[in-house]
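Asks: Contents of my_file36.csv (CSV, C-alpha atoms) are given next:
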chain,number,residue,atom,x,y,z
M,1,LEU,CA,0.0,0.0,0.0
M,2,PRO,CA,2.8,2.6,0.7
M,3,ALA,CA,4.2,2.0,-2.7
M,4,LEU,CA,0.8,2.3,-4.3
M,5,THR,CA,0.2,5.6,-2.3
M,6,GLU,CA,3.5,7.0,-3.6
M,7,VAL,CA,2.5,6.2,-7.2
M,8,ALA,CA,-1.0,7.7,-6.8
M,9,GLN,CA,0.6,10.9,-5.5
M,10,ASP,CA,2.9,11.2,-8.6
M,11,GLU,CA,2.2,14.4,-10.5
M,12,ASP,CA,3.4,13.1,-13.9
M,13,ALA,CA,0.4,13.1,-16.3
M,14,ASP,CA,1.2,9.7,-17.8
M,15,VAL,CA,1.4,8.2,-14.3
M,16,THR,CA,-1.9,9.8,-13.3
M,17,GLN,CA,-3.5,8.3,-16.4
M,18,GLN,CA,-2.2,4.8,-15.6
M,19,VAL,CA,-3.3,5.1,-12.0
M,20,ALA,CA,-6.7,6.3,-13.1
M,21,LEU,CA,-7.2,3.1,-15.2
M,22,SER,CA,-5.8,0.6,-12.7
M,23,LEU,CA,-6.5,1.8,-9.2
M,24,PRO,CA,-10.3,1.4,-9.3
M,25,THR,CA,-9.9,-2.3,-10.2
M,26,ILE,CA,-7.8,-3.1,-7.1
M,27,LYS,CA,-10.0,-4.6,-4.3
M,28,ALA,CA,-7.3,-5.0,-1.7
M,29,PRO,CA,-8.0,-3.7,1.9
M,30,GLY,CA,-7.2,0.0,2.3
M,31,VAL,CA,-7.2,0.8,-1.4
M,32,GLU,CA,-10.6,2.5,-1.5
M,33,PRO,CA,-9.7,5.5,0.8
M,34,LEU,CA,-6.7,6.1,-1.5
M,35,LEU,CA,-8.9,5.8,-4.5
M,36,ARG,CA,-11.4,8.4,-3.1
M,37,GLU,CA,-8.5,10.8,-2.3
M,38,PHE,CA,-7.1,10.3,-5.8
M,39,VAL,CA,-10.5,11.0,-7.5
M,40,VAL,CA,-11.1,14.1,-5.4
M,41,LYS,CA,-7.7,15.5,-6.4
M,42,HIS,CA,-8.2,14.8,-10.1
M,43,ALA,CA,-12.0,15.2,-10.3
M,44,GLU,CA,-11.8,17.5,-13.4
M,45,ASN,CA,-9.8,14.8,-15.3
M,46,SER,CA,-12.1,12.9,-17.7
M,47,VAL,CA,-9.7,9.9,-17.8
M,48,VAL,CA,-10.0,9.6,-14.0
M,49,ARG,CA,-13.7,9.8,-14.2
M,50,ASP,CA,-14.0,7.2,-16.9
M,51,GLY,CA,-11.4,4.9,-15.2
M,52,LEU,CA,-13.4,5.1,-12.0
M,53,ILE,CA,-16.7,4.2,-13.6
M,54,THR,CA,-15.2,1.3,-15.6
M,55,GLY,CA,-13.1,0.0,-12.8
M,56,LEU,CA,-16.0,0.0,-10.3
M,57,ALA,CA,-18.3,-2.1,-12.5
M,58,GLY,CA,-20.7,-3.9,-10.1
M,59,ARG,CA,-19.5,-2.0,-7.1
M,60,GLU,CA,-20.9,1.5,-7.9
M,61,LEU,CA,-23.6,1.4,-5.2
M,62,GLU,CA,-21.2,0.5,-2.4
M,63,PHE,CA,-18.8,3.3,-3.5
M,64,LEU,CA,-21.7,5.8,-3.5
M,65,GLN,CA,-22.8,4.7,-0.1
M,66,ARG,CA,-19.4,5.6,1.3
M,67,VAL,CA,-19.0,9.0,-0.5
M,68,GLY,CA,-22.6,10.1,-1.0
M,69,ALA,CA,-23.0,12.0,2.3
M,70,SER,CA,-19.6,13.6,2.1
M,71,GLU,CA,-19.9,17.4,1.9
M,72,GLU,CA,-17.1,17.4,-0.7
M,73,TRP,CA,-18.9,15.0,-3.0
M,74,VAL,CA,-22.1,17.0,-2.7
M,75,SER,CA,-20.7,20.5,-3.2
M,76,ASN,CA,-18.0,19.9,-5.9
M,77,GLY,CA,-19.5,20.0,-9.4
M,78,ASN,CA,-17.0,17.6,-10.9
M,79,LEU,CA,-17.6,15.1,-8.1
M,80,ARG,CA,-21.4,15.5,-8.4
M,81,ASN,CA,-21.0,14.6,-12.1
M,82,ILE,CA,-19.2,11.4,-11.1
M,83,VAL,CA,-21.8,10.6,-8.5
M,84,GLN,CA,-24.5,11.1,-11.1
M,85,ALA,CA,-22.8,8.8,-13.6
M,86,LEU,CA,-22.4,6.1,-11.0
M,87,ALA,CA,-26.0,6.3,-10.0
M,88,GLY,CA,-26.9,5.8,-13.7
M,89,CYS,CA,-24.8,2.6,-13.7
M,90,VAL,CA,-26.8,1.3,-10.8
M,91,ALA,CA,-30.1,2.2,-12.6
M,92,ARG,CA,-29.0,0.4,-15.7
M,93,GLN,CA,-28.4,-2.8,-13.7
M,94,ARG,CA,-32.2,-2.9,-13.1
M,95,ASN,CA,-31.8,-4.7,-9.9
M,96,ALA,CA,-34.7,-3.8,-7.6
M,97,ALA,CA,-32.9,-4.4,-4.3
M,98,ARG,CA,-29.9,-2.3,-5.3
M,99,LEU,CA,-32.1,0.4,-6.8
M,100,GLU,CA,-34.0,0.6,-3.6
M,101,GLN,CA,-30.7,1.0,-1.6
M,102,LEU,CA,-29.8,3.8,-4.0
M,103,LEU,CA,-33.1,5.6,-3.4
M,104,LYS,CA,-32.6,5.2,0.4
M,105,LEU,CA,-29.2,6.9,-0.1
M,106,ALA,CA,-30.8,9.7,-2.1
M,107,GLN,CA,-33.4,10.3,0.6
M,108,SER,CA,-30.6,10.7,3.2
M,109,LEU,CA,-28.9,13.4,1.3
M,110,PRO,CA,-29.4,17.2,1.3
M,111,THR,CA,-31.6,18.5,-1.5
M,112,VAL,CA,-28.8,19.1,-3.9
M,113,GLY,CA,-27.6,15.5,-3.4
M,114,GLN,CA,-31.1,14.1,-3.8
M,115,VAL,CA,-31.5,16.0,-7.1
M,116,ASN,CA,-28.1,14.8,-8.4
M,117,LEU,CA,-28.7,11.1,-7.7
M,118,LEU,CA,-32.3,11.3,-9.1
M,119,ASP,CA,-30.9,13.0,-12.2
M,120,GLY,CA,-28.4,10.2,-12.6
M,121,ILE,CA,-31.1,7.5,-12.3
M,122,ASN,CA,-33.4,9.4,-14.7
M,123,LYS,CA,-30.8,10.0,-17.4
M,124,ALA,CA,-30.0,6.3,-17.4
M,125,ALA,CA,-33.7,5.3,-17.3
M,126,PHE,CA,-34.6,7.4,-20.3
M,127,PRO,CA,-32.0,6.9,-23.0
M,128,LYS,CA,-32.9,8.8,-26.1
M,129,GLY,CA,-36.1,9.9,-24.3
M,130,ARG,CA,-37.4,6.3,-24.1
M,131,VAL,CA,-37.9,4.6,-20.8
M,132,LEU,CA,-36.0,1.4,-20.2
M,133,LYS,CA,-37.9,-1.7,-19.3
M,134,PRO,CA,-39.4,-0.8,-15.8
M,135,VAL,CA,-38.2,-2.2,-12.6
M,136,THR,CA,-41.1,-3.7,-10.6
M,137,PHE,CA,-41.8,-3.5,-6.9
M,138,THR,CA,-44.7,-4.9,-4.9
M,139,SER,CA,-45.3,-1.4,-3.4
M,140,GLN,CA,-43.7,2.0,-3.8
M,141,PRO,CA,-40.3,2.1,-2.2
M,142,LEU,CA,-40.7,4.1,1.1
M,143,SER,CA,-37.7,6.4,0.3
M,144,MET,CA,-39.3,7.2,-3.1
M,145,ALA,CA,-42.7,7.9,-1.5
M,146,SER,CA,-41.0,10.2,1.1
M,147,MET,CA,-39.1,12.2,-1.6
M,148,ALA,CA,-42.4,12.5,-3.6
M,149,GLU,CA,-43.7,14.6,-0.7
M,150,SER,CA,-40.6,16.8,-0.5
M,151,ASP,CA,-40.9,20.5,0.2
M,152,TYR,CA,-38.8,21.1,-2.9
M,153,GLN,CA,-40.4,21.0,-6.4
M,154,THR,CA,-37.1,20.0,-8.0
M,155,VAL,CA,-37.1,16.8,-6.0
M,156,ARG,CA,-40.9,16.1,-6.6
M,157,GLU,CA,-40.5,16.6,-10.3
M,158,ARG,CA,-37.7,14.1,-10.6
M,159,VAL,CA,-39.5,11.5,-8.5
M,160,ALA,CA,-42.6,11.9,-10.7
M,161,ARG,CA,-40.6,11.2,-13.8
M,162,LEU,CA,-38.9,8.2,-12.2
M,163,SER,CA,-42.3,6.6,-11.6
M,164,LYS,CA,-42.3,5.6,-15.2
M,165,PHE,CA,-39.2,3.5,-14.6
M,166,ILE,CA,-39.9,2.3,-11.0
M,167,VAL,CA,-43.4,0.8,-11.0
M,168,TRP,CA,-45.5,-1.0,-8.5
M,169,GLY,CA,-49.1,-2.3,-8.0
M,170,GLU,CA,-51.3,-2.3,-11.0
M,171,ALA,CA,-48.6,-0.5,-13.1
M,172,ALA,CA,-46.2,-3.5,-12.5
M,173,LYS,CA,-48.6,-6.0,-14.0
M,174,PRO,CA,-47.8,-7.1,-17.5
M,175,PRO,CA,-50.2,-5.7,-20.2
M,176,ALA,CA,-52.9,-8.0,-21.6
M,177,PRO,CA,-51.8,-9.8,-24.7
M,178,PRO,CA,-53.0,-8.2,-28.0
M,179,ARG,CA,-55.9,-9.7,-29.8
M,180,ALA,CA,-55.3,-12.0,-32.8
M,181,LEU,CA,-55.2,-10.2,-36.1
M,182,THR,CA,-57.9,-10.7,-38.7
M,183,VAL,CA,-56.9,-12.3,-42.1
M,184,ALA,CA,-56.9,-8.8,-43.7
M,185,GLU,CA,-54.8,-7.3,-40.9
M,186,GLN,CA,-52.3,-10.2,-41.1
M,187,LYS,CA,-51.8,-9.5,-44.8
M,188,GLN,CA,-51.2,-5.9,-44.1
M,189,PHE,CA,-48.8,-6.8,-41.3
M,190,GLU,CA,-46.8,-9.1,-43.6
M,191,LEU,CA,-46.6,-6.4,-46.3
M,192,GLY,CA,-45.5,-3.9,-43.6
M,193,ARG,CA,-42.8,-6.2,-42.5
M,194,VAL,CA,-41.4,-6.5,-46.0
M,195,LEU,CA,-41.5,-2.8,-46.6
M,196,TYR,CA,-39.9,-2.0,-43.2
M,197,THR,CA,-37.1,-4.5,-43.7
M,198,ALA,CA,-36.3,-3.2,-47.2
M,199,THR,CA,-36.8,0.6,-46.7
M,200,CYS,CA,-36.4,1.4,-43.0
M,201,GLY,CA,-34.5,-1.4,-41.3
M,202,ALA,CA,-31.0,-0.4,-42.3
M,203,CYS,CA,-31.1,2.8,-40.1
M,204,HIS,CA,-33.9,2.1,-37.7
M,205,GLN,CA,-32.8,-1.6,-37.0
M,206,ALA,CA,-35.1,-4.5,-36.5
M,207,ASN,CA,-36.2,-3.3,-33.0
M,208,GLY,CA,-37.1,0.2,-34.2
M,209,LEU,CA,-34.6,1.8,-31.8
M,210,GLY,CA,-32.2,3.0,-34.4
M,211,GLU,CA,-28.4,2.6,-34.6
M,212,GLU,CA,-26.5,2.9,-31.4
M,213,GLY,CA,-25.2,6.4,-30.7
M,214,LYS,CA,-27.4,8.1,-33.3
Write the structure described by the file as structure tokens, please.

Replies:
Amino acid sequence: LPALTEVAQDEDADVTQQVALSLPTIKAPGVEPLLREFVVKHAENSVVRDGLITGLAGRELEFLQRVGASEEWVSNGNLRNIVQALAGCVARQRNAARLEQLLKLAQSLPTVGQVNLLDGINKAAFPKGRVLKPVTFTSQPLSMASMAESDYQTVRERVARLSKFIVWGEAAKPPAPPRALTVAEQKQFELGRVLYTATCGACHQANGLGEEGK
């Protein structure tokens, strides 16, 4: 650890970049405090940000639980951006238990921290303006219900949008299957399939969502 600390404190740009890519992947005891200190020091560096997000894959929630309430991670704009990105990673996992823990963390934060985490979840939940497949709960998570009653409109608005991604009760039930097509409708459907494949499919793709990144 002392040798690792020395390397992490090196001011050389190439060394900083290498540390940014490797340090987040090390799971040895005592490394995470060093990682947090390193990220705080270089929060404006996009390589450090990307290295952290990539290296923490699957551990984003646990990292957020340890830094989320820190004044520095709430007040610093660059660190807030990192928190938001990590919250988005948790949302994309679509794991109800982990998502509920993330909402509990958001509820425990001051308003600016709540808004930041909720923005991270919402950005991930609505790629290209379309909602991901919803995450279902038997009832509304208590932390979400509490934030829905917040004194701050900025929080309430974000929770309201999130209710399209986090669903419960009747909204969590699968929709009824569509009725069978008539013979005439089936012919139109088959014609549409041929036309779409030949004319539209190259750009819009078979699923209709379009090419990645466009």

Asks: Go ahead and compute the interatomic distance for CA of Val67 in chain M and CA of Ser108 in chain M, in Å to one decimal.

Replies: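 Straight-line distance from CA of Val67 in chain M to CA of Ser108 in chain M works out to 12.3 Å.
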
Asks: If we count all atoms listed in the file and set the cut-off at 12 Å, which residues sit around range 149-152 of chain M, ignoring sequence neighbours fewer than 3 positions away in its own chain? Please answer as a list in words.

Replies: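 Listed by chain and then number, they are Gln107, Pro110, Thr111, Val112, Gln114, Val115, Leu142, Ser143, Met144, Ala145, Ser146, Val155, Arg156, Glu157, Arg158, Val159 and Ala160 of chain M.
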
Asks: Report as AutoDock Vina command-line options the centre and the edge lengths, in Å to one decimal, of the axis-aligned box holding every listed atom of range 133-142 of chain M, padded by 3 Å on each side.

Replies:
--center_x -41.6 --center_y -0.4 --center_z -9.1 --size_x 13.4 --size_y 15.0 --size_z 26.4

Asks: For a test of reading the model, state the distance in Å between CA of Asn81 in chain M and CA of Thr54 in chain M, rounded to one decimal.

Replies: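 Atom-to-atom, CA of Asn81 in chain M to CA of Thr54 in chain M, that is 14.9 Å.
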
Asks: For Ser70 in chain M, which residue among M:Pro134, M:Pro29, M:Gly113, M:Pro174 is the nearest when counting only C-alpha atoms?

Replies: M:Gly113

Asks: When you count all atoms listed in the file, which of these residues is closest to Lys164 in chain M: M:Ile121, M:Leu209, M:Leu64, M:Val90?

Replies: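 Answer, going by the shortest atom-to-atom distance: M:Ile121.
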
Asks: With distances taken over only C-alpha atoms, which of M:Ala8, M:Val194, M:Ala43, M:Ile53 is nearest to Ala206 in chain M?

Replies: M:Val194

Asks: Can you measure CA of Leu52 in chain M to CA of Ala96 in chain M for me? One decimal in Å is fine.

Replies: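 About the pair CA of Leu52 in chain M and CA of Ala96 in chain M: they are 23.5 Å apart.
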
Asks: Compile the contact shell of Glu44 in chain M as a ChimeraX atom specification: residues with an atom at most 10 Å away, counting all atoms listed in the file, same-chain residues fewer than 2 positions apart removed.

Replies: /M:39-42,46-49,77-79,81-82

Asks: Ranking M:Asn116, M:Gln153, M:Asn76, M:Ser163 by minimum distance to Ser139 in chain M and counting only C-alpha atoms, which one comes first?

Replies: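 Ranking M:Asn116, M:Gln153, M:Asn76, M:Ser163 by distance to Ser139 in chain M, first place goes to M:Ser163.
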
Asks: Rank M:Thr25, M:Thr138, M:Ser75, M:Gln18 by their smallest atom-to-atom distance to Ala172 in chain M, using all atoms listed in the file, and report the top residue only.

Replies: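 Ranking M:Thr25, M:Thr138, M:Ser75, M:Gln18 by distance to Ala172 in chain M, first place goes to M:Thr138.
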
Asks: Between M:Leu56, M:Met147, M:Val135, M:Leu23, single out the one closest to Ala97 in chain M, counting all atoms listed in the file.

Replies: M:Val135

Asks: Residues within 8 Å of Leu1 in chain M, please, as a PyMOL selection string. Count all atoms listed in the file; anything in the same chain fewer than 3 positions from it doesn't count.

Replies: chain M and resi 4-5+30-31
